[in-house]
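Participant: The structure file my_file.pdb (PDB, C-alpha atoms and all ligand atoms) is provided below.
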ATOM      1  CA  MET R   1      23.445 181.987  92.171
ATOM      2  CA  THR R   2      23.501 184.731  94.719
ATOM      3  CA  GLU R   3      26.673 185.511  96.517
ATOM      4  CA  GLU R   4      28.262 188.655  97.696
ATOM      5  CA  ARG R   5      31.679 188.652  96.170
ATOM      6  CA  TYR R   6      31.352 189.548  92.534
ATOM      7  CA  PRO R   7      34.126 192.028  91.881
ATOM      8  CA  GLU R   8      33.129 195.183  90.056
ATOM      9  CA  SER R   9      30.118 196.690  91.760
ATOM     10  CA  PRO R  10      29.531 200.338  91.026
ATOM     11  CA  SER R  11      27.859 201.683  94.135
ATOM     12  CA  PRO R  12      25.342 204.493  93.947
ATOM     13  CA  PRO R  13      26.278 207.773  95.598
ATOM     14  CA  PRO R  14      25.300 207.757  99.296
ATOM     15  CA  SER R  15      22.994 210.754  98.834
ATOM     16  CA  LEU R  16      20.676 208.624  96.704
ATOM     17  CA  LEU R  17      20.348 206.029  99.415
ATOM     18  CA  LYS R  18      19.156 208.419 102.114
ATOM     19  CA  GLY R  19      15.574 208.106 103.243
ATOM     20  CA  GLU R  20      13.079 210.793 102.400
ATOM     21  CA  GLY R  21      10.197 209.438 104.433
ATOM     22  CA  GLY R  22       6.734 210.613 103.477
ATOM     23  CA  THR R  23       4.981 208.578 100.826
ATOM     24  CA  LYS R  24       7.995 206.496  99.858
ATOM     25  CA  GLY R  25       7.758 202.766 100.347
ATOM     26  CA  ARG R  26       4.039 202.712 100.953
ATOM     27  CA  GLU R  27       2.064 199.733  99.769
ATOM     28  CA  ASP R  28      -0.114 200.638  96.871
ATOM     29  CA  VAL R  29      -1.133 197.886  94.499
ATOM     30  CA  ALA R  30      -3.689 200.099  92.738
ATOM     31  CA  LEU R  31      -1.102 202.757  91.956
ATOM     32  CA  VAL R  32       1.282 200.229  90.433
ATOM     33  CA  ARG R  33      -1.514 198.508  88.519
ATOM     34  CA  GLU R  34      -2.393 201.852  86.928
ATOM     35  CA  ARG R  35       1.222 202.345  85.983
ATOM     36  CA  VAL R  36       1.387 198.851  84.442
ATOM     37  CA  ALA R  37      -1.772 199.509  82.417
ATOM     38  CA  ALA R  38      -0.243 202.656  80.896
ATOM     39  CA  ALA R  39       3.308 201.308  80.541
ATOM     40  CA  LYS R  40       5.012 200.792  77.204
ATOM     41  CA  ASN R  41       8.303 199.664  78.655
ATOM     42  CA  VAL R  42       8.738 197.657  81.854
ATOM     43  CA  MET R  43      12.033 196.489  83.289
ATOM     44  CA  VAL R  44      12.011 193.582  85.747
ATOM     45  CA  ILE R  45      14.909 192.445  87.912
ATOM     46  CA  THR R  46      14.364 189.061  89.572
ATOM     47  CA  GLY R  47      16.222 187.105  92.226
ATOM     48  CA  ALA R  48      16.091 183.875  94.203
ATOM     49  CA  GLY R  49      12.773 184.689  95.904
ATOM     50  CA  ILE R  50      10.665 184.119  92.803
ATOM     51  CA  SER R  51      12.332 180.763  92.058
ATOM     52  CA  ALA R  52      12.003 179.673  95.692
ATOM     53  CA  GLU R  53       8.230 179.919  95.251
ATOM     54  CA  SER R  54       8.565 177.201  92.587
ATOM     55  CA  GLY R  55      10.399 174.947  95.034
ATOM     56  CA  VAL R  56      13.915 175.811  93.834
ATOM     57  CA  PRO R  57      16.238 175.981  96.838
ATOM     58  CA  THR R  58      17.884 179.352  97.372
ATOM     59  CA  PHE R  59      21.542 179.767  98.230
ATOM     60  CA  ARG R  60      21.755 182.251 101.044
ATOM     61  CA  ASP R  61      18.510 181.991 103.014
ATOM     62  CA  ASP R  62      18.266 180.329 106.419
ATOM     63  CA  ASN R  63      17.472 176.998 104.715
ATOM     64  CA  GLY R  64      19.586 177.805 101.666
ATOM     65  CA  LEU R  65      22.130 175.562 100.007
ATOM     66  CA  TRP R  66      25.110 177.437 101.396
ATOM     67  CA  LYS R  67      24.040 176.484 104.907
ATOM     68  CA  GLU R  68      24.530 172.829 103.988
ATOM     69  CA  PHE R  69      27.356 173.069 101.442
ATOM     70  CA  ASN R  70      30.461 175.201 101.521
ATOM     71  CA  PRO R  71      30.391 177.340  98.367
ATOM     72  CA  LEU R  72      34.168 177.211  98.229
ATOM     73  CA  ASP R  73      33.886 173.458  97.532
ATOM     74  CA  TYR R  74      31.404 173.827  94.663
ATOM     75  CA  ALA R  75      31.153 177.320  93.285
ATOM     76  CA  THR R  76      34.658 178.505  92.539
ATOM     77  CA  ARG R  77      36.992 177.930  89.625
ATOM     78  CA  GLU R  78      39.603 176.552  92.033
ATOM     79  CA  ALA R  79      37.180 173.927  93.377
ATOM     80  CA  PHE R  80      36.341 172.908  89.823
ATOM     81  CA  ARG R  81      39.970 172.526  88.835
ATOM     82  CA  ARG R  82      40.690 170.563  92.005
ATOM     83  CA  ASP R  83      37.792 168.137  91.625
ATOM     84  CA  PRO R  84      35.602 168.591  88.532
ATOM     85  CA  VAL R  85      33.735 165.324  89.145
ATOM     86  CA  LYS R  86      32.659 166.396  92.635
ATOM     87  CA  VAL R  87      31.522 169.798  91.378
ATOM     88  CA  TRP R  88      29.683 168.316  88.415
ATOM     89  CA  LYS R  89      27.920 165.687  90.570
ATOM     90  CA  TRP R  90      26.658 168.476  92.768
ATOM     91  CA  TYR R  91      25.408 170.492  89.780
ATOM     92  CA  ASP R  92      23.931 167.333  88.256
ATOM     93  CA  GLU R  93      21.809 166.955  91.379
ATOM     94  CA  ARG R  94      20.737 170.630  91.171
ATOM     95  CA  ARG R  95      19.782 170.055  87.524
ATOM     96  CA  VAL R  96      17.766 166.921  88.308
ATOM     97  CA  ASN R  97      15.820 168.861  90.968
ATOM     98  CA  MET R  98      15.434 171.873  88.702
ATOM     99  CA  ALA R  99      13.997 169.760  85.908
ATOM    100  CA  GLN R 100      10.927 169.242  88.132
ATOM    101  CA  ALA R 101      10.364 172.949  88.799
ATOM    102  CA  ARG R 102       7.518 174.775  87.065
ATOM    103  CA  PRO R 103       6.780 178.485  86.798
ATOM    104  CA  ASN R 104       4.573 179.891  89.556
ATOM    105  CA  PRO R 105       1.888 182.614  89.257
ATOM    106  CA  GLY R 106       4.636 185.257  89.619
ATOM    107  CA  HIS R 107       6.496 184.047  86.513
ATOM    108  CA  LEU R 108       3.204 183.667  84.642
ATOM    109  CA  ALA R 109       2.059 187.194  85.547
ATOM    110  CA  LEU R 110       5.326 188.675  84.224
ATOM    111  CA  ALA R 111       4.928 186.720  80.986
ATOM    112  CA  ALA R 112       1.318 187.925  80.663
ATOM    113  CA  MET R 113       2.431 191.526  81.265
ATOM    114  CA  ALA R 114       4.230 191.564  77.892
ATOM    115  CA  ARG R 115       1.827 192.278  75.028
ATOM    116  CA  PRO R 116       1.767 194.148  71.736
ATOM    117  CA  GLY R 117       2.716 197.722  72.589
ATOM    118  CA  ARG R 118       4.306 196.837  75.917
ATOM    119  CA  ARG R 119       7.833 195.578  76.223
ATOM    120  CA  VAL R 120       8.852 193.612  79.334
ATOM    121  CA  PHE R 121      12.615 193.273  79.696
ATOM    122  CA  ILE R 122      13.641 190.792  82.402
ATOM    123  CA  VAL R 123      17.068 190.692  84.028
ATOM    124  CA  THR R 124      17.352 187.624  86.232
ATOM    125  CA  GLN R 125      19.959 186.528  88.721
ATOM    126  CA  ASN R 126      18.469 183.032  88.632
ATOM    127  CA  VAL R 127      20.148 180.185  86.767
ATOM    128  CA  ASP R 128      16.896 178.332  86.045
ATOM    129  CA  ASP R 129      14.676 178.862  82.988
ATOM    130  CA  LEU R 130      11.361 179.435  84.751
ATOM    131  CA  HIS R 131      10.778 182.826  83.073
ATOM    132  CA  GLU R 132      11.232 181.210  79.659
ATOM    133  CA  GLN R 133       8.981 178.306  80.624
ATOM    134  CA  ALA R 134       6.332 180.843  81.610
ATOM    135  CA  GLY R 135       6.572 182.371  78.140
ATOM    136  CA  SER R 136       8.689 185.492  78.694
ATOM    137  CA  LYS R 137      10.646 186.357  75.541
ATOM    138  CA  GLU R 138      13.238 188.891  76.679
ATOM    139  CA  VAL R 139      15.186 187.329  79.533
ATOM    140  CA  VAL R 140      18.791 188.197  80.341
ATOM    141  CA  HIS R 141      20.626 185.797  82.661
ATOM    142  CA  ILE R 142      23.392 187.687  84.389
ATOM    143  CA  HIS R 143      24.643 184.802  86.541
ATOM    144  CA  GLY R 144      24.571 182.161  83.807
ATOM    145  CA  SER R 145      22.400 179.100  83.316
ATOM    146  CA  LEU R 146      22.233 175.671  84.858
ATOM    147  CA  TRP R 147      21.279 174.373  81.404
ATOM    148  CA  ARG R 148      24.438 175.483  79.635
ATOM    149  CA  THR R 149      27.978 174.129  79.687
ATOM    150  CA  ARG R 150      31.082 176.041  78.676
ATOM    151  CA  CYS R 151      34.613 175.150  77.627
ATOM    152  CA  GLU R 152      37.249 177.409  79.122
ATOM    153  CA  ARG R 153      39.778 176.455  76.443
ATOM    154  CA  ASP R 154      37.872 177.401  73.281
ATOM    155  CA  GLY R 155      34.867 179.270  74.664
ATOM    156  CA  THR R 156      32.281 176.798  73.331
ATOM    157  CA  VAL R 157      28.919 177.196  75.056
ATOM    158  CA  LEU R 158      26.370 174.399  74.681
ATOM    159  CA  GLU R 159      22.827 173.936  75.820
ATOM    160  CA  ASN R 160      22.662 170.699  77.781
ATOM    161  CA  ARG R 161      19.407 169.464  79.304
ATOM    162  CA  GLU R 162      20.394 165.897  80.053
ATOM    163  CA  THR R 163      19.262 164.826  83.538
ATOM    164  CA  PRO R 164      21.096 163.062  84.961
ATOM    165  CA  LEU R 165      24.213 163.643  82.872
ATOM    166  CA  THR R 166      25.425 160.505  81.083
ATOM    167  CA  GLU R 167      29.022 161.647  81.277
ATOM    168  CA  VAL R 168      30.505 163.430  84.305
ATOM    169  CA  PRO R 169      32.220 165.744  83.614
ATOM    170  CA  PRO R 170      30.746 166.398  80.148
ATOM    171  CA  PRO R 171      33.465 166.622  77.493
ATOM    172  CA  CYS R 172      34.067 169.322  74.888
ATOM    173  CA  MET R 173      34.824 168.384  71.260
ATOM    174  CA  CYS R 174      38.317 169.809  71.774
ATOM    175  CA  GLY R 175      39.151 167.219  74.430
ATOM    176  CA  GLU R 176      38.846 169.610  77.395
ATOM    177  CA  ILE R 177      36.053 169.150  79.947
ATOM    178  CA  MET R 178      33.081 171.496  80.071
ATOM    179  CA  ARG R 179      32.226 173.532  83.167
ATOM    180  CA  PRO R 180      28.789 174.753  84.234
ATOM    181  CA  ASP R 181      28.136 178.086  82.466
ATOM    182  CA  ILE R 182      27.491 179.753  85.782
ATOM    183  CA  VAL R 183      29.132 182.792  87.348
ATOM    184  CA  TRP R 184      31.073 181.537  90.338
ATOM    185  CA  PHE R 185      32.446 183.306  93.393
ATOM    186  CA  GLY R 186      35.141 185.757  92.461
ATOM    187  CA  GLU R 187      34.279 185.785  88.752
ATOM    188  CA  ASN R 188      33.265 188.773  86.641
ATOM    189  CA  LEU R 189      29.810 189.100  85.178
ATOM    190  CA  PRO R 190      29.820 187.803  81.584
ATOM    191  CA  TRP R 191      30.064 190.670  79.086
ATOM    192  CA  GLN R 192      27.209 189.680  76.736
ATOM    193  CA  PRO R 193      24.333 190.101  79.199
ATOM    194  CA  VAL R 194      25.929 193.239  80.644
ATOM    195  CA  GLU R 195      26.104 194.683  77.096
ATOM    196  CA  GLN R 196      22.465 193.767  76.490
ATOM    197  CA  ILE R 197      21.463 195.669  79.612
ATOM    198  CA  HIS R 198      23.545 198.706  78.622
ATOM    199  CA  HIS R 199      21.882 198.716  75.198
ATOM    200  CA  TYR R 200      18.479 198.442  76.813
ATOM    201  CA  PHE R 201      19.182 201.566  78.859
ATOM    202  CA  LEU R 202      20.202 203.445  75.710
ATOM    203  CA  GLU R 203      16.848 202.733  74.093
ATOM    204  CA  GLY R 204      14.885 205.340  76.001
ATOM    205  CA  ARG R 205      12.207 205.873  78.596
ATOM    206  CA  ILE R 206      11.318 203.148  81.085
ATOM    207  CA  ASP R 207       7.890 203.457  82.705
ATOM    208  CA  LEU R 208       8.209 200.949  85.485
ATOM    209  CA  CYS R 209      10.918 198.859  87.134
ATOM    210  CA  LEU R 210       9.830 195.879  89.224
ATOM    211  CA  VAL R 211      12.505 194.426  91.486
ATOM    212  CA  VAL R 212      11.229 191.002  92.513
ATOM    213  CA  GLY R 213      12.414 188.585  95.180
ATOM    214  CA  THR R 214      15.943 189.848  95.534
ATOM    215  CA  GLU R 215      17.856 191.312  98.441
ATOM    216  CA  ALA R 216      19.513 193.576  95.880
ATOM    217  CA  SER R 217      22.759 193.197  97.779
ATOM    218  CA  PHE R 218      24.982 193.480  94.697
ATOM    219  CA  GLY R 219      26.115 196.929  93.660
ATOM    220  CA  TYR R 220      25.204 196.338  90.032
ATOM    221  CA  ILE R 221      21.593 195.477  90.908
ATOM    222  CA  LEU R 222      21.279 198.755  92.792
ATOM    223  CA  GLN R 223      22.975 200.546  89.922
ATOM    224  CA  TRP R 224      20.559 199.157  87.316
ATOM    225  CA  ALA R 225      17.553 199.962  89.505
ATOM    226  CA  LEU R 226      18.833 203.531  89.824
ATOM    227  CA  GLN R 227      19.413 203.783  86.085
ATOM    228  CA  ALA R 228      15.841 202.640  85.447
ATOM    229  CA  HIS R 229      14.653 205.273  87.909
ATOM    230  CA  GLU R 230      16.646 207.948  86.101
ATOM    231  CA  ALA R 231      15.105 206.761  82.816
ATOM    232  CA  GLY R 232      11.694 207.642  84.232
ATOM    233  CA  ALA R 233      10.663 204.401  85.912
ATOM    234  CA  MET R 234       8.535 204.105  88.993
ATOM    235  CA  LEU R 235      10.694 201.820  91.125
ATOM    236  CA  VAL R 236       8.739 199.040  92.817
ATOM    237  CA  ASP R 237      10.109 196.463  95.226
ATOM    238  CA  VAL R 238       8.145 193.190  95.366
ATOM    239  CA  ASN R 239       9.457 191.383  98.400
ATOM    240  CA  PRO R 240       8.031 190.091 101.687
ATOM    241  CA  ARG R 241      11.008 191.694 103.428
ATOM    242  CA  ASP R 242      13.045 194.860 103.187
ATOM    243  CA  SER R 243      15.778 194.687 100.568
ATOM    244  CA  GLY R 244      18.995 196.536  99.898
ATOM    245  CA  LEU R 245      17.048 199.004  97.749
ATOM    246  CA  GLY R 246      16.060 200.839 100.911
ATOM    247  CA  SER R 247      14.560 204.254 100.405
ATOM    248  CA  ILE R 248      15.321 204.603  96.693
ATOM    249  CA  ILE R 249      12.118 202.688  95.949
ATOM    250  CA  ASP R 250       8.860 204.477  95.199
ATOM    251  CA  VAL R 251       6.586 201.658  96.303
ATOM    252  CA  HIS R 252       7.177 198.523  98.349
ATOM    253  CA  LEU R 253       4.637 195.802  97.631
ATOM    254  CA  ARG R 254       5.184 193.514 100.567
ATOM    255  CA  GLY R 255       4.488 189.896  99.696
ATOM    256  CA  LYS R 256       5.463 186.921  97.594
ATOM    257  CA  ALA R 257       5.889 187.353  93.848
ATOM    258  CA  GLY R 258       3.203 184.745  93.175
ATOM    259  CA  GLU R 259       0.694 186.679  95.280
ATOM    260  CA  VAL R 260       1.590 190.255  94.358
ATOM    261  CA  LEU R 261       2.364 190.154  90.627
ATOM    262  CA  PRO R 262      -0.967 188.669  89.436
ATOM    263  CA  LYS R 263      -2.716 191.618  91.154
ATOM    264  CA  LEU R 264      -0.852 194.046  88.902
ATOM    265  CA  LEU R 265      -2.477 192.805  85.689
TER     266      LEU R 265
HETATM  267 ZN    ZN P 301      36.624 173.019  74.065
END
Turn this file's structure into structure tokens for me.

Facilitator:
Amino acid sequence: MTEERYPESPSPPPSLLKGEGGTKGREDVALVRERVAAAKNVMVITGAGISAESGVPTFRDDNGLWKEFNPLDYATREAFRRDPVKVWKWYDERRVNMAQARPNPGHLALAAMARPGRRVFIVTQNVDDLHEQAGSKEVVHIHGSLWRTRCERDGTVLENRETPLTEVPPPCMCGEIMRPDIVWFGENLPWQPVEQIHHYFLEGRIDLCLVVGTEASFGYILQWALQAHEAGAMLVDVNPRDSGLGSIIDVHLRGKAGEVLPKLL
């Protein structure tokens, strides 16, 4: 899910966002490929763009879901409390569509990048499991998962892959109904994945940070990219368009994830 209103968003100091011109942002596949070959630790931050290449509809693009549906009717806690059946039917349809999606060459390249002696740590804003399907082992979902349900009363989180759901809304053992385990508008990021990312940063040098298919419009995405940079990473934006990373990137590889990432192996 990609919206703009998650609350806490530490913004980087403005000085870091100023352009320096020169060699910054130039396209250079060979340079990045060299860096990958030598890298022991690679961080990857992915967004809707990479899933869109597998036929998963995005939320905010010109043809995105939020053009057709009002997010306030489906992706807020208030909407869910008002009409859980309506919200769940909508998510059920998303899940049925998602069940057809398969990883694309971008997901597969990231999975192939991890090998003995090279860690690849993926932070994804996507609620699908295409990285896992591709074979990636370390995947942190910061906006939740379409394949999990959660009880707000007792905190139970369950994996649920039934498509379509036999019971709408799905019940919890405690008698309450389950909600999608997805971060909705106006909600905080869940603490577990945020902790995992903080721990990752404490573990030492990062050689490369690939930011793939995201507008990087959230403050925390920018913040993590900057932290990776400070930990030694070459910061690479893989995106057909310009993103919110602006001039903090070292290299902009302009193109789709499925076209660019396989060239880095
Ligand atoms: Zn419960």

Participant: If you count all atoms listed in the file, which residues end up within 7 Å of ligand ZN 301 (chain P), as a short mmCIF file (atom, residue, chain, number, x, y, z; two decimals) with C-alpha atoms, in the frame of the given file?

Facilitator:
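See out-v6.cif below for the written result:
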data_model
loop_
_atom_site.label_atom_id
_atom_site.label_comp_id
_atom_site.auth_asym_id
_atom_site.auth_seq_id
_atom_site.Cartn_x
_atom_site.Cartn_y
_atom_site.Cartn_z
CA CYS R 151 34.61 175.15 77.63
CA GLU R 152 37.25 177.41 79.12
CA ARG R 153 39.78 176.46 76.44
CA ASP R 154 37.87 177.40 73.28
CA GLY R 155 34.87 179.27 74.66
CA THR R 156 32.28 176.80 73.33
CA CYS R 172 34.07 169.32 74.89
CA MET R 173 34.82 168.38 71.26
CA CYS R 174 38.32 169.81 71.77
CA GLY R 175 39.15 167.22 74.43
CA GLU R 176 38.85 169.61 77.40
#

Participant: Determine, counting all atoms listed in the file, which protein, DNA and RNA residues have an atom within 9 Å of an atom of His229 in chain R; residues of the same chain fewer than 4 positions away are not included. Present the result as JSON, numbers by chain.

Facilitator: {"R": [206, 207, 208, 209, 224, 225, 233, 234, 235, 248, 249]}

Participant: With C-alpha atoms retained, could you export that selection as a compact mmCIF listing (two decimals), in the frame of the given file?

Facilitator:
# COMPACT_ATOMS: atom_id res chain seq x y z
CA ILE R 206 11.32 203.15 81.08
CA ASP R 207 7.89 203.46 82.70
CA LEU R 208 8.21 200.95 85.48
CA CYS R 209 10.92 198.86 87.13
CA TRP R 224 20.56 199.16 87.32
CA ALA R 225 17.55 199.96 89.50
CA ALA R 233 10.66 204.40 85.91
CA MET R 234 8.54 204.10 88.99
CA LEU R 235 10.69 201.82 91.12
CA ILE R 248 15.32 204.60 96.69
CA ILE R 249 12.12 202.69 95.95

Participant: Can you tell me, as AutoDock Vina command-line options, the centre and edge lengths (Å, one decimal) of the axis-aligned box enclosing all of range 232-245 of chain R's listed atoms after padding each side by 8 Å?

Facilitator:
--center_x 13.5 --center_y 198.9 --center_z 93.8 --size_x 27.0 --size_y 33.6 --size_z 35.2

Participant: Pull out every residue that the PyMOL selection byres (((chain R and resi 51-61) around 7) and not hetatm) matches in the shown coordinates and put them as number ranges by chain.

Facilitator: R: 1-2, 48-50, 62-66, 98, 101-104

Participant: Hey, what's within 12 Å of Val212 in chain R if we count all atoms listed in the file and toss same-chain stuff fewer than 6 positions away? As a tab-separated table (two decimals) with C-alpha atoms, in the coordinates of the input, please?

Facilitator:
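Final file, out-v3.tsv:
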chain	number	residue	atom	x	y	z
R	43	MET	CA	12.03	196.49	83.29
R	44	VAL	CA	12.01	193.58	85.75
R	45	ILE	CA	14.91	192.44	87.91
R	46	THR	CA	14.36	189.06	89.57
R	47	GLY	CA	16.22	187.10	92.23
R	48	ALA	CA	16.09	183.88	94.20
R	49	GLY	CA	12.77	184.69	95.90
R	50	ILE	CA	10.66	184.12	92.80
R	51	SER	CA	12.33	180.76	92.06
R	52	ALA	CA	12.00	179.67	95.69
R	53	GLU	CA	8.23	179.92	95.25
R	106	GLY	CA	4.64	185.26	89.62
R	107	HIS	CA	6.50	184.05	86.51
R	110	LEU	CA	5.33	188.68	84.22
R	122	ILE	CA	13.64	190.79	82.40
R	123	VAL	CA	17.07	190.69	84.03
R	124	THR	CA	17.35	187.62	86.23
R	125	GLN	CA	19.96	186.53	88.72
R	126	ASN	CA	18.47	183.03	88.63
R	221	ILE	CA	21.59	195.48	90.91
R	225	ALA	CA	17.55	199.96	89.50
R	235	LEU	CA	10.69	201.82	91.12
R	236	VAL	CA	8.74	199.04	92.82
R	237	ASP	CA	10.11	196.46	95.23
R	238	VAL	CA	8.14	193.19	95.37
R	239	ASN	CA	9.46	191.38	98.40
R	240	PRO	CA	8.03	190.09	101.69
R	241	ARG	CA	11.01	191.69	103.43
R	242	ASP	CA	13.04	194.86	103.19
R	243	SER	CA	15.78	194.69	100.57
R	245	LEU	CA	17.05	199.00	97.75
R	252	HIS	CA	7.18	198.52	98.35
R	253	LEU	CA	4.64	195.80	97.63
R	254	ARG	CA	5.18	193.51	100.57
R	255	GLY	CA	4.49	189.90	99.70
R	256	LYS	CA	5.46	186.92	97.59
R	257	ALA	CA	5.89	187.35	93.85
R	258	GLY	CA	3.20	184.74	93.18
R	259	GLU	CA	0.69	186.68	95.28
R	260	VAL	CA	1.59	190.26	94.36
R	261	LEU	CA	2.36	190.15	90.63

Participant: Let me know the residues the PyMOL selection byres (((chain R and resi 77) around 10) and not hetatm) catches in the file above, as an NGL selection string.

Facilitator: :R and (72-76 or 78-82 or 84 or 87 or 179 or 183-187)

Participant: Find the distance between CA of Val36 in chain R and CA of Ala114 in chain R and write it in Å to one decimal.

Facilitator: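 We find that CA of Val36 in chain R and CA of Ala114 in chain R lie 10.2 Å from each other.
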
Participant: So what do you get for CA of Gly144 in chain R versus CA of Gly117 in chain R, distance-wise?

Facilitator: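 Value for the CA of Gly144 in chain R-CA of Gly117 in chain R distance: 29.1 Å.
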
Participant: For Gly204 in chain R, which of R:Glu230, R:Glu68, R:Glu138, R:Asp83 is the closest residue, counting all atoms listed in the file?

Facilitator: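 Ranking R:Glu230, R:Glu68, R:Glu138, R:Asp83 by distance to Gly204 in chain R, first place goes to R:Glu230.
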
Participant: Work out how far apart CA of Phe121 in chain R and CA of Ala39 in chain R are and give it in Å to one decimal.

Facilitator: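 So the answer is 12.3 Å.
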
Participant: Got a sec: who's within 12 Å of Gln100 in chain R, counting all atoms listed in the file, leaving out chain neighbours fewer than 3 positions off, as a ChimeraX atom specification?

Facilitator: /R:54-56,93-97,103,128-130,133,163

Participant: At a cut-off of 12 Å around the point (20.0, 205.7, 76.6) (file coordinates), what residues fall inside when counting only C-alpha atoms? I'd like the answer as a PyMOL selection string.

Facilitator: chain R and resi 197-206+227-228+230-232
